[in-house]
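Engineer: Provided herewith: protein27.txt, compact mmCIF, C-alpha atoms.
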# COMPACT_ATOMS: atom_id res chain seq x y z
CA MET A 1394 0.00 0.00 0.00
CA PRO A 1395 2.28 2.77 -1.20
CA GLN A 1396 -0.24 5.59 -0.71
CA PHE A 1397 -0.56 4.57 2.95
CA GLY A 1398 3.21 4.74 3.36
CA GLU A 1399 3.16 8.38 2.36
CA LEU A 1400 0.25 9.15 4.67
CA GLU A 1401 1.98 7.28 7.50
CA ALA A 1402 5.03 9.50 7.12
CA ALA A 1403 2.85 12.63 7.02
CA ILE A 1404 1.00 11.60 10.19
CA MET A 1405 4.26 10.89 12.02
CA ASP A 1406 5.56 14.28 10.86
CA ALA A 1407 2.48 15.99 12.32
CA VAL A 1408 2.80 14.17 15.64
CA TRP A 1409 6.53 14.84 15.89
CA GLN A 1410 6.05 18.52 15.11
CA ALA A 1411 3.25 18.94 17.65
CA GLY A 1412 5.37 17.43 20.41
CA LYS A 1413 2.26 16.51 22.40
CA PRO A 1414 -0.44 13.81 22.20
CA LEU A 1415 -2.94 14.52 19.43
CA ARG A 1416 -6.48 13.39 18.65
CA VAL A 1417 -7.20 12.09 15.17
CA ARG A 1418 -9.11 15.30 14.37
CA GLU A 1419 -6.07 17.37 15.39
CA ILE A 1420 -3.78 15.21 13.28
CA LEU A 1421 -6.09 15.70 10.31
CA ASP A 1422 -6.02 19.48 10.82
CA ARG A 1423 -2.24 19.53 11.01
CA LEU A 1424 -1.74 17.42 7.87
CA GLY A 1425 -2.59 20.43 5.73
CA ARG A 1426 -3.12 18.26 2.68
CA ASP A 1427 -5.02 19.11 -0.41
CA PRO A 1428 -7.36 17.36 -0.96
CA GLU A 1429 -7.90 16.66 2.72
CA PRO A 1430 -8.00 12.90 3.40
CA ALA A 1431 -11.14 11.43 4.95
CA TYR A 1432 -11.30 11.27 8.73
CA ASN A 1433 -11.77 7.51 8.60
CA THR A 1434 -8.66 7.05 6.46
CA VAL A 1435 -6.52 9.04 8.88
CA HIS A 1436 -8.04 7.15 11.81
CA THR A 1437 -7.28 3.80 10.17
CA VAL A 1438 -3.69 4.72 9.31
CA THR A 1439 -3.14 6.15 12.80
CA GLU A 1440 -4.32 2.84 14.25
CA ILE A 1441 -1.94 1.00 11.90
CA LEU A 1442 0.91 3.15 13.21
CA PHE A 1443 -0.18 2.34 16.78
CA ARG A 1444 -0.12 -1.39 16.00
CA LYS A 1445 3.29 -1.08 14.35
CA GLY A 1446 4.63 0.53 17.52
CA TRP A 1447 5.26 4.00 16.11
CA LEU A 1448 2.50 5.62 18.17
CA ALA A 1449 1.23 5.15 21.72
CA LYS A 1450 -2.34 6.05 22.64
CA GLU A 1451 -4.06 7.17 25.80
CA LYS A 1452 -7.77 7.53 26.54
CA ASP A 1453 -9.03 11.10 26.67
CA GLY A 1454 -12.76 11.28 27.30
CA ARG A 1455 -14.43 9.28 24.54
CA ALA A 1456 -11.54 9.56 22.09
CA TYR A 1457 -7.87 8.63 22.09
CA ARG A 1458 -4.81 10.83 21.95
CA TYR A 1459 -1.80 9.55 20.03
CA ASN A 1460 1.82 10.32 20.76
CA ALA A 1461 5.10 9.19 19.18
CA THR A 1462 6.87 6.43 21.09
CA LYS A 1463 10.29 7.75 20.07
CA SER A 1464 11.47 11.09 18.74
CA ARG A 1465 12.57 11.47 15.15
CA GLU A 1466 16.14 12.09 16.36
CA GLU A 1467 16.15 8.77 18.18
CA TYR A 1468 15.13 6.93 15.00
CA VAL A 1469 17.77 8.78 12.95
CA ALA A 1470 20.40 7.94 15.57
CA GLY A 1471 19.32 4.29 15.32
CA LEU A 1472 19.71 4.34 11.53
CA MET A 1473 23.15 5.94 11.76
CA GLY A 1474 24.15 3.37 14.34
CA GLU A 1475 23.17 0.59 11.94
CA ALA A 1476 24.97 2.22 9.04
CA PHE A 1477 28.18 2.71 10.99
CA ALA A 1478 28.14 -0.21 13.38
CA ALA A 1479 31.71 -0.92 14.46
CA ALA A 1480 31.25 -4.63 13.82
CA GLY A 1481 31.51 -5.59 10.17
CA ASP A 1482 28.25 -7.49 10.54
CA ARG A 1483 26.15 -5.11 8.57
CA SER A 1484 28.56 -4.27 5.82
CA ALA A 1485 26.65 -6.41 3.33
CA THR A 1486 23.31 -4.97 4.44
CA LEU A 1487 24.35 -1.36 3.94
CA ALA A 1488 27.27 0.16 2.09
CA ARG A 1489 28.73 3.19 3.82
CA PHE A 1490 30.61 5.79 1.81
CA VAL A 1491 33.61 5.84 4.11
CA GLU A 1492 34.38 4.80 7.67
CA ALA A 1493 35.95 7.13 10.19
CA MET A 1494 39.66 7.92 10.28
CA ARG A 1495 42.06 8.18 13.15
CA PRO A 1496 42.46 11.72 14.52
CA GLY A 1497 46.00 12.22 13.17
CA GLU A 1498 45.33 10.80 9.72
CA ALA A 1499 42.84 13.41 8.58
CA GLU A 1500 45.19 16.36 9.25
CA GLU A 1501 48.07 14.71 7.42
CA LEU A 1502 45.86 13.91 4.42
CA HIS A 1503 44.42 17.41 4.33
CA ARG A 1504 48.00 18.71 4.04
CA LEU A 1505 48.89 16.22 1.28
CA LEU A 1506 45.68 17.03 -0.60
CA GLY A 1507 46.40 20.76 -0.38
CA GLU A 1508 49.85 20.21 -1.87
CA ALA A 1509 48.47 18.06 -4.66
CA VAL A 1510 45.82 20.66 -5.53
CA GLN A 1511 48.50 23.37 -5.66
CA ARG A 1512 50.63 21.26 -7.98
CA GLU A 1513 47.70 20.75 -10.31
CA THR A 1514 46.59 24.37 -10.54
CA PRO A 1515 49.16 26.32 -12.57
CA GLN A 1516 50.14 29.60 -10.96
CA MET B 424 42.07 -42.02 -5.53
CA ILE B 425 44.85 -40.03 -7.17
CA VAL B 426 42.36 -37.55 -8.59
CA ALA B 427 40.88 -37.03 -5.13
CA ALA B 428 44.32 -36.53 -3.57
CA VAL B 429 45.35 -34.01 -6.23
CA LEU B 430 42.13 -32.04 -5.81
CA PHE B 431 42.39 -32.07 -2.05
CA ALA B 432 46.00 -30.89 -2.15
CA TYR B 433 44.97 -28.13 -4.56
CA ALA B 434 42.20 -27.01 -2.23
CA VAL B 435 44.58 -26.92 0.75
CA LEU B 436 47.16 -25.01 -1.27
CA LEU B 437 44.57 -22.42 -2.31
CA GLY B 438 43.21 -22.19 1.19
CA THR B 439 46.54 -21.50 2.88
CA LEU B 440 49.24 -20.35 0.48
CA ALA B 441 47.24 -18.29 -2.02
CA PRO B 442 46.02 -15.66 0.49
CA ARG B 443 49.61 -14.96 1.52
CA LEU B 444 50.72 -14.44 -2.06
CA LEU B 445 47.77 -12.40 -3.30
CA GLY B 446 47.37 -10.56 0.01
CA ARG B 447 50.88 -9.18 -0.37
CA ALA B 448 50.43 -8.19 -4.02
CA ARG B 449 50.39 -4.45 -4.63
CA TRP B 450 48.83 -4.57 -8.09
CA THR B 451 45.32 -5.21 -6.74
CA GLU B 452 45.05 -1.54 -5.71
CA ARG B 453 45.96 -0.51 -9.24
CA ALA B 454 43.30 -2.76 -10.75
CA PRO B 455 40.68 -3.24 -8.03
CA ARG B 456 38.14 -4.92 -10.28
CA LEU B 457 40.63 -7.59 -11.37
CA GLY B 458 41.65 -7.97 -7.73
CA ILE B 459 38.04 -8.68 -6.73
CA VAL B 460 37.71 -11.24 -9.53
CA ALA B 461 40.99 -12.91 -8.49
CA TRP B 462 39.87 -13.30 -4.88
CA GLN B 463 36.50 -14.63 -6.01
CA ALA B 464 38.11 -17.12 -8.38
CA LEU B 465 40.36 -18.42 -5.61
CA GLY B 466 37.40 -18.83 -3.26
CA VAL B 467 35.14 -20.61 -5.72
CA SER B 468 37.98 -22.80 -6.94
CA ALA B 469 38.96 -23.87 -3.40
CA LEU B 470 35.35 -24.68 -2.60
CA ALA B 471 34.81 -26.60 -5.84
CA SER B 472 38.04 -28.60 -5.45
CA ALA B 473 37.10 -29.70 -1.92
CA VAL B 474 33.65 -30.80 -3.08
CA MET B 475 35.01 -32.59 -6.14
CA ALA B 476 37.73 -34.29 -4.11
CA GLY B 477 34.97 -35.81 -1.99
CA LEU B 478 32.97 -36.83 -5.03
CA ALA B 479 36.06 -38.36 -6.66
CA LEU B 480 36.52 -40.57 -3.59
CA THR B 481 32.88 -41.62 -3.62
CA VAL B 482 32.48 -42.36 -7.29
CA PRO B 483 35.28 -44.35 -8.88
CA THR B 484 36.41 -42.96 -12.21
CA VAL B 485 35.34 -45.11 -15.11
CA ARG B 486 36.72 -45.01 -18.56
CA VAL B 487 34.17 -43.44 -20.77
CA SER B 488 33.15 -45.38 -23.82
CA ALA B 489 30.71 -44.58 -26.54
CA ASP B 490 28.60 -47.63 -25.85
CA LEU B 491 26.14 -46.74 -23.08
CA ALA B 492 25.54 -50.35 -22.02
CA GLN B 493 29.27 -50.93 -21.74
CA LEU B 494 29.72 -47.73 -19.77
CA LEU B 495 26.98 -48.64 -17.31
CA GLN B 496 28.38 -52.10 -16.89
CA ALA B 497 31.83 -50.68 -16.25
CA CYS B 498 30.34 -48.30 -13.74
CA VAL B 499 28.54 -51.04 -11.86
CA MET B 500 31.65 -53.21 -11.85
CA ALA B 501 33.86 -50.38 -10.61
CA LEU B 502 31.36 -49.48 -7.90
CA THR B 503 30.95 -53.06 -6.68
CA ALA B 504 34.71 -53.53 -6.75
CA GLN B 505 35.30 -50.42 -4.65
CA TYR B 506 32.56 -51.01 -2.11
CA ALA B 507 33.32 -54.75 -1.79
CA SER B 508 36.51 -53.98 0.15
CA PRO B 509 36.15 -52.34 3.59
CA GLY B 510 38.85 -49.80 2.79
CA GLY B 511 37.19 -48.77 -0.45
CA ALA B 512 33.80 -48.43 1.21
CA ALA B 513 35.30 -46.32 4.02
CA ALA B 514 37.02 -44.02 1.51
CA GLY B 515 33.77 -43.70 -0.42
CA ALA B 516 31.82 -42.83 2.72
CA ALA B 517 34.46 -40.30 3.82
CA GLY B 518 34.37 -38.69 0.40
CA ALA B 519 30.59 -38.42 0.46
CA VAL B 520 30.70 -36.85 3.93
CA LEU B 521 33.35 -34.34 2.80
CA ALA B 522 31.49 -33.31 -0.33
CA LEU B 523 28.11 -33.04 1.38
CA ALA B 524 29.51 -31.23 4.41
CA VAL B 525 31.32 -28.58 2.38
CA LEU B 526 28.45 -28.08 -0.04
CA GLY B 527 25.78 -28.18 2.64
CA ARG B 528 27.58 -25.77 4.94
CA ALA B 529 28.14 -23.25 2.13
CA ALA B 530 24.53 -23.49 0.94
CA TRP B 531 23.15 -23.24 4.48
CA CYS B 532 25.22 -20.18 5.34
CA ALA B 533 24.42 -18.51 2.03
CA GLY B 534 20.70 -19.07 2.54
CA ALA B 535 20.83 -17.76 6.10
CA ALA B 536 22.77 -14.69 5.00
CA VAL B 537 20.29 -13.90 2.22
CA LEU B 538 17.36 -14.07 4.64
CA ARG B 539 19.14 -12.05 7.33
CA ILE B 540 20.24 -9.33 4.92
CA ARG B 541 16.78 -9.08 3.37
CA ARG B 542 15.15 -8.73 6.80
CA GLU B 543 17.64 -6.14 8.04
CA ARG B 544 17.30 -4.09 4.88
CA GLN B 545 13.52 -4.12 5.07
CA GLU B 546 13.53 -3.02 8.72
CA HIS B 547 16.01 -0.29 7.93
CA ARG B 548 14.00 0.88 4.93
CA GLU B 549 10.74 1.10 6.89
CA VAL B 550 12.30 3.46 9.43
CA LEU B 551 14.17 5.35 6.72
CA ASP B 552 11.01 6.04 4.70
CA MET B 553 9.34 7.39 7.82
CA VAL B 554 12.06 9.72 9.10
CA GLY B 555 13.94 10.59 5.89
CA ARG B 556 13.07 13.31 3.40
CA ALA B 557 13.07 12.31 -0.25
CA ASP B 558 15.08 14.62 -2.50
CA PRO B 559 13.83 13.73 -5.98
CA VAL B 560 16.22 16.13 -7.73
CA ARG B 561 19.35 14.41 -6.43
CA GLY B 562 17.66 11.02 -6.13
CA VAL B 563 18.61 10.63 -2.47
CA VAL B 564 16.98 10.40 0.93
CA VAL B 565 18.08 13.13 3.34
CA LEU B 566 18.37 12.51 7.08
CA ASP B 567 18.43 15.34 9.61
CA HIS B 568 21.74 14.66 11.30
CA ASP B 569 24.69 16.92 12.04
CA GLU B 570 27.52 14.49 11.34
CA PRO B 571 28.39 14.26 7.64
CA ALA B 572 27.64 10.73 6.45
CA ALA B 573 26.52 8.91 3.34
CA TYR B 574 25.56 5.31 2.75
CA CYS B 575 23.39 3.24 0.50
CA LEU B 576 20.76 0.64 1.14
CA PRO B 577 21.25 -1.81 -1.73
CA GLY B 578 18.75 -4.19 -3.26
CA ARG B 579 15.58 -3.90 -5.27
CA HIS B 580 14.19 -0.94 -3.28
CA ARG B 581 17.52 0.79 -3.07
CA ARG B 582 18.08 4.15 -1.42
CA THR B 583 21.06 6.45 -1.31
CA VAL B 584 21.10 8.20 2.04
CA ILE B 585 22.90 11.40 2.90
CA THR B 586 22.79 13.50 6.06
CA THR B 587 22.11 17.23 6.26
CA GLY B 588 25.57 17.52 7.81
CA ALA B 589 27.10 16.11 4.63
CA LEU B 590 24.98 18.35 2.39
CA ARG B 591 26.14 21.36 4.38
CA THR B 592 29.86 20.55 4.19
CA LEU B 593 30.09 19.14 0.65
CA ASP B 594 30.05 21.46 -2.33
CA ASP B 595 28.28 20.35 -5.52
CA ASP B 596 31.33 18.72 -7.13
CA ARG B 597 32.18 16.70 -4.05
CA LEU B 598 28.57 15.69 -3.54
CA ASP B 599 28.57 14.50 -7.13
CA ALA B 600 31.62 12.34 -6.34
CA VAL B 601 29.88 10.83 -3.31
CA LEU B 602 26.77 10.00 -5.33
CA ALA B 603 28.83 8.53 -8.19
CA HIS B 604 30.59 6.31 -5.66
CA GLU B 605 27.30 5.02 -4.26
CA ARG B 606 25.86 4.49 -7.75
CA ALA B 607 28.93 2.41 -8.67
CA HIS B 608 28.31 0.15 -5.65
CA GLN B 609 24.75 -0.38 -6.83
CA ALA B 610 25.46 -0.78 -10.52
CA GLU B 611 28.16 -3.42 -9.93
CA ARG B 612 26.20 -5.17 -7.19
CA HIS B 613 29.02 -4.86 -4.67
CA ASP B 614 26.59 -5.80 -1.92
CA ALA B 615 26.19 -9.29 -3.43
CA VAL B 616 29.97 -9.60 -3.87
CA LEU B 617 30.47 -8.72 -0.20
CA ALA B 618 27.67 -10.98 0.98
CA TRP B 619 29.22 -13.98 -0.76
CA ALA B 620 32.70 -13.22 0.61
CA GLN B 621 31.24 -12.89 4.11
CA THR B 622 29.30 -16.11 3.74
CA LEU B 623 32.43 -18.09 2.88
CA ALA B 624 34.39 -16.47 5.73
CA ARG B 625 31.67 -17.35 8.22
CA ALA B 626 30.95 -20.82 6.88
CA PHE B 627 34.64 -21.82 7.09
CA PRO B 628 36.20 -19.45 9.62
CA ARG B 629 39.42 -21.43 9.90
CA VAL B 630 40.36 -21.22 6.25
CA PRO B 631 42.85 -18.32 5.88
CA LEU B 632 41.86 -17.77 2.25
CA PHE B 633 38.24 -16.90 3.08
CA ARG B 634 39.23 -14.62 5.98
CA THR B 635 41.73 -12.66 3.91
CA ALA B 636 39.42 -12.59 0.87
CA GLU B 637 36.63 -11.00 2.92
CA THR B 638 38.73 -8.07 4.16
CA GLU B 639 40.51 -7.62 0.82
CA ILE B 640 37.28 -7.65 -1.19
CA ALA B 641 35.70 -5.14 1.21
CA ARG B 642 38.69 -2.85 0.62
CA LEU B 643 38.81 -3.36 -3.14
CA VAL B 644 35.11 -2.67 -3.81
CA GLU B 645 35.55 0.71 -2.12
CA MET B 646 38.59 1.47 -4.28
CA ARG B 647 36.73 0.37 -7.37
CA ALA B 648 33.82 2.71 -6.52
CA ASP B 649 36.37 5.48 -5.81
CA ASP B 650 37.82 4.98 -9.28
CA VAL B 651 34.38 5.30 -10.89
CA ALA B 652 33.71 8.47 -8.90
CA ALA B 653 37.17 9.82 -9.77
CA ALA B 654 36.64 9.20 -13.48
CA ARG B 655 33.59 11.44 -13.25
CA SER B 656 34.56 14.08 -10.71
CA GLY B 657 38.36 13.98 -10.69
CA ARG B 658 40.68 12.17 -8.27
CA LEU B 659 41.41 15.12 -6.00
CA THR B 660 37.74 16.10 -5.73
CA THR B 661 36.89 12.53 -4.76
CA ALA B 662 39.72 12.52 -2.21
CA ALA B 663 38.41 15.77 -0.74
CA ALA B 664 34.89 14.34 -0.51
CA LEU B 665 36.24 11.28 1.32
CA LEU B 666 38.11 13.51 3.75
CA VAL B 667 35.07 15.67 4.49
CA VAL B 668 32.84 12.69 5.24
CA ALA B 669 35.42 10.62 7.11
CA GLY B 670 36.97 13.49 9.03
CA GLY B 671 33.68 14.79 10.41
CA ARG B 672 32.92 11.76 12.51
CA ALA B 673 34.28 10.47 15.76
CA PRO B 674 36.29 7.33 15.00
CA ALA B 675 34.87 4.04 16.19
CA ALA B 676 36.33 2.86 19.46
CA ALA B 677 37.80 -0.31 18.06
CA MET B 678 39.77 0.11 14.86
CA ALA B 679 42.29 -2.14 13.23
CA ALA B 680 45.94 -1.40 13.89
CA GLY B 681 47.91 0.42 11.23
CA GLY B 682 46.37 2.98 8.92
CA SER B 683 42.64 2.85 8.31
CA THR B 684 41.24 1.84 4.94
CA ALA B 685 39.79 5.34 4.63
CA ALA B 686 43.24 6.91 4.87
CA ARG B 687 44.65 4.44 2.35
CA ARG B 688 41.84 5.28 -0.07
CA VAL B 689 42.55 9.01 0.17
CA HIS B 690 46.30 8.43 -0.24
CA ARG B 691 45.65 6.33 -3.31
CA LEU B 692 43.59 9.10 -4.93
CA ILE B 693 46.20 11.78 -4.18
CA GLU B 694 49.17 9.77 -5.44
CA PRO B 695 49.78 9.76 -9.20
CA HIS B 696 47.28 7.37 -10.78
CA GLN B 697 48.91 4.30 -12.30
CA PRO B 698 46.25 1.90 -13.51
CA LEU B 699 47.47 -1.56 -14.49
CA GLY B 700 48.23 -1.91 -18.20
CA ARG B 701 46.02 -3.83 -20.61
CA VAL B 702 48.48 -6.67 -21.09
CA ARG B 703 48.76 -7.27 -17.36
CA ILE B 704 45.00 -7.07 -16.93
CA ALA B 705 44.60 -9.69 -19.66
CA ALA B 706 47.28 -11.91 -18.08
CA GLY B 707 45.61 -11.58 -14.67
CA SER B 708 42.19 -12.44 -16.09
CA LEU B 709 43.67 -15.48 -17.79
CA ALA B 710 45.31 -16.60 -14.55
CA ALA B 711 41.96 -16.27 -12.74
CA ALA B 712 40.29 -18.37 -15.44
CA VAL B 713 43.00 -21.04 -15.12
CA VAL B 714 42.57 -21.16 -11.33
CA LEU B 715 38.85 -21.69 -11.87
CA ALA B 716 39.28 -24.30 -14.61
CA LEU B 717 42.01 -26.36 -12.93
CA PRO B 718 39.79 -28.51 -10.69
CA LEU B 719 37.51 -29.25 -13.65
CA LEU B 720 40.52 -30.28 -15.75
CA VAL B 721 41.80 -32.58 -13.01
CA VAL B 722 38.44 -34.38 -12.94
CA GLY B 723 37.66 -34.13 -16.61
CA GLY B 724 41.19 -34.73 -17.92
CA PRO B 725 41.46 -38.49 -17.33
CA ALA B 726 37.92 -38.98 -18.54
CA ALA B 727 38.63 -37.02 -21.70
CA VAL B 728 41.77 -39.03 -22.33
CA ALA B 729 39.83 -42.22 -21.73
CA THR B 730 37.36 -41.39 -24.49
CA GLN B 731 40.23 -41.48 -26.94
CA LEU B 732 41.20 -45.04 -26.03
CA ASN B 733 40.22 -47.89 -28.27
CA TYR B 734 38.10 -50.40 -26.38
CA CYS B 735 37.20 -52.42 -29.39
CA PRO B 736 38.57 -55.91 -29.73
CA ASP B 737 41.58 -56.33 -32.00
CA GLY B 738 40.80 -56.71 -35.62
CA THR B 739 37.88 -54.34 -35.75
CA PRO B 740 38.06 -52.41 -39.01
CA ALA B 741 39.28 -48.87 -38.51
CA ALA B 742 36.24 -47.35 -40.20
CA GLN B 743 33.95 -49.02 -37.73
CA VAL B 744 35.95 -47.65 -34.79
CA THR B 745 35.44 -44.11 -35.94
CA THR B 746 31.70 -44.54 -36.26
CA MET B 747 31.49 -46.16 -32.86
CA ARG B 748 32.95 -43.17 -31.21
Here is a file; write its structure as structure tokens.

Structural biologist:
Amino acid sequence: MPQFGELEAAIMDAVWQAGKPLRVREILDRLGRDPEPAYNTVHTVTEILFRKGWLAKEKDGRAYRYNATKSREEYVAGLMGEAFAAAGDRSATLARFVEAMRPGEAEELHRLLGEAVQRETPQ
Amino acid sequence: MIVAAVLFAYAVLLGTLAPRLLGRARWTERAPRLGIVAWQALGVSALASAVMAGLALTVPTVRVSADLAQLLQACVMALTAQYASPGGAAAGAAGAVLALAVLGRAAWCAGAAVLRIRRERQEHREVLDMVGRADPVRGVVVLDHDEPAAYCLPGRHRRTVITTGALRTLDDDRLDAVLAHERAHQAERHDAVLAWAQTLARAFPRVPLFRTAETEIARLVEMRADDVAAARSGRLTTAAALLVVAGGRAPAAAMAAGGSTAARRVHRLIEPHQPLGRVRIAAGSLAAAVVLALPLLVVGGPAAVATQLNYCPDGTPAAQVTTMR
């Protein structure tokens, strides 16, 4: 369901930006989409996100309020951790551009690169 | 028996001596793609020789003749002769165990790796699609993160991921080099190359060849992708891009002794570029093909020679012999 995936991301964006538990109606208002999706659709997708563990819900009167279980930064940090795990375990799962260098190496290479660039550009 | 011994000796030689020779070679950095192929050829050849050594013990070699009935009869006779003696039966059983164990272990580990990698990629992609921002112009997914970093999620639903920190510190030319590097990984399916190397190293952790091949292939695919990026963006631009991304991160706590691969890659791009010549590339490719073909020749050689022998009783007219073949 690709169209749901996009709506899922939009709902999470709204919840993350609000920074407080939201009702489905409030989520719908904050989506700011044109055309506005149906209330039932947003409700369904919000429930899907709850079942997937992205959202937590608490009872508020007759309705529920939904809040993110983790902040966006925490998820990003998790992704970066996977991409740069020290163990080589994940190297076939993801391909990182470059791993980190030792502190001294970078300075030395910066110097060498500067020299090489100067050689190449005629004065 | 001799065929099995030769194959087994060949497998042991490849497994122990070859990694020392090729691991010390300096030309692999000048022709990373040929280097990758050479390591792969060694690995596949070692695996195939071990399996075929087992099979050669199990199935006695029979002289091939054109007459199917004769061939089958010879087969049955050779088999009964071998398995009639306790020694022959034991050798046959040992061979079967060897072949099945090697083949089974490799297949099992490969299957497990494929499933694990697919699951991990899917989990990673689900989170990525939720928290990342798609940048359709550059064809990347952007993550809000201060450290400069770039990586790709290979496979059918592939994504190239770059952090806002990297976008901030890389100018357009360098960013182009980073993206060309990631595209090279995807176009040449380096993830599959790495997965296979890892599978062999994990399936047979005591074989030096597979251990060395894994680390060498991991290094060489990066250099290969660097070369592709350098051909597009220039070697010094690519080196600068590597430095920006690698230098902006805290180094991992545990890192191998000696210089890091990242530093070696930058050095290599700064130094004058000396790609391996065509003649040497051709010679290297030929050598890799020979390494691959050798176990097949050892098994197939005697059989091929045997087909040329004349099994017909004396006095058969020569013309008839030719038609019988």

Engineer: Can you tell me which residues surround A:Arg1512 at a distance of at most 12 Å, considering all atoms listed in the file, apart from same-chain residues fewer than 5 positions away, and format the answer as a ChimeraX atom specification?

Structural biologist: /A:1505-1507 /B:659,693-695

Engineer: Using only C-alpha atoms, which protein or nucleic acid residues come within 7 Å of stretch 1436-1450 of chain A? Drop anything in the same chain fewer than 5 positions from it, and give the result as a PyMOL selection string.

Structural biologist: chain A and resi 1401+1417+1457-1462

Engineer: What does the distance from atom CA of B:Leu566 to atom CA of B:Thr587 come to in Å, to one decimal?

Structural biologist: 6.1 Å

Engineer: Output the contact residues of chain A with respect to chain B at a cut-off of 7 Å, based on all atoms listed in the file, as a compact mmCIF listing (two decimals) with C-alpha atoms, in the coordinates of the input.

Structural biologist:
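Listed below is the output, selection.txt:
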# COMPACT_ATOMS: atom_id res chain seq x y z
CA ALA A 1402 5.03 9.50 7.12
CA ARG A 1465 12.57 11.47 15.15
CA VAL A 1469 17.77 8.78 12.95
CA LEU A 1472 19.71 4.34 11.53
CA ALA A 1479 31.71 -0.92 14.46
CA ALA A 1485 26.65 -6.41 3.33
CA THR A 1486 23.31 -4.97 4.44
CA LEU A 1487 24.35 -1.36 3.94
CA ALA A 1488 27.27 0.16 2.09
CA ARG A 1489 28.73 3.19 3.82
CA PHE A 1490 30.61 5.79 1.81
CA VAL A 1491 33.61 5.84 4.11
CA GLU A 1492 34.38 4.80 7.67
CA ALA A 1493 35.95 7.13 10.19
CA MET A 1494 39.66 7.92 10.28
CA ARG A 1495 42.06 8.18 13.15
CA GLU A 1498 45.33 10.80 9.72
CA ALA A 1499 42.84 13.41 8.58
CA LEU A 1506 45.68 17.03 -0.60
CA ALA A 1509 48.47 18.06 -4.66

Engineer: Do you have the atom CA of B:Ala428-atom CA of B:Leu720 distance handy?

Structural biologist: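 Pair atom CA of B:Ala428 / atom CA of B:Leu720 returns 14.2 Å.
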
Engineer: Using all atoms listed in the file, which residues sit within 9 Å of stretch 508-513 of chain B once same-chain residues fewer than 4 positions away are excluded, as number ranges by chain?

Structural biologist: B: 480-481, 503-504, 517-518

Engineer: Emit the selected residues as a short mmCIF file (atom, residue, chain, number, x, y, z; two decimals), in the frame of the given file, including C-alpha atoms.

Structural biologist:
data_model
loop_
_atom_site.label_atom_id
_atom_site.label_comp_id
_atom_site.auth_asym_id
_atom_site.auth_seq_id
_atom_site.Cartn_x
_atom_site.Cartn_y
_atom_site.Cartn_z
CA LEU B 480 36.52 -40.57 -3.59
CA THR B 481 32.88 -41.62 -3.62
CA THR B 503 30.95 -53.06 -6.68
CA ALA B 504 34.71 -53.53 -6.75
CA ALA B 517 34.46 -40.30 3.82
CA GLY B 518 34.37 -38.69 0.40
#

Engineer: Do you have the atom CA of B:Ala454-atom CA of B:Pro698 distance handy?

Structural biologist: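 Separation of atom CA of B:Ala454 and atom CA of B:Pro698: 6.2 Å.
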
Engineer: Find, counting all atoms listed in the file, the residue in B:Asp650, B:Leu717, B:Asp599, B:Ala501 that gets nearest to B:His696.

Structural biologist: B:Asp650

Engineer: Excluding same-chain residues fewer than 5 positions from B:Leu699, what lies within 12 Å of it counting only C-alpha atoms, as a PyMOL selection string?

Structural biologist: chain B and resi 449-458+704-707

Engineer: Draw an axis-aligned box tight on the listed atoms of stretch 1400-1414 of chain A, then pad every side by 5 Å and write out centre and edge lengths in Å to one decimal as lines of an AutoDock Vina configuration file.

Structural biologist:
center_x = 3.0
center_y = 13.1
center_z = 13.5
size_x = 17.0
size_y = 21.7
size_z = 27.7

Engineer: Identify the residues within 12 Å of coordinate (30.7, -38.4, 2.6) (same frame as the file), considering only C-alpha atoms, and give the answer as a list in words.

Structural biologist: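 Applying the cut-off with only C-alpha atoms, one gets Ala473, Val474, Met475, Ala476, Gly477, Leu478, Ala479, Leu480, Thr481, Val482, Ala512, Ala513, Ala514, Gly515, Ala516, Ala517, Gly518, Ala519, Val520, Leu521, Ala522, Leu523, Ala524, Val525, Leu526 and Gly527 of chain B.
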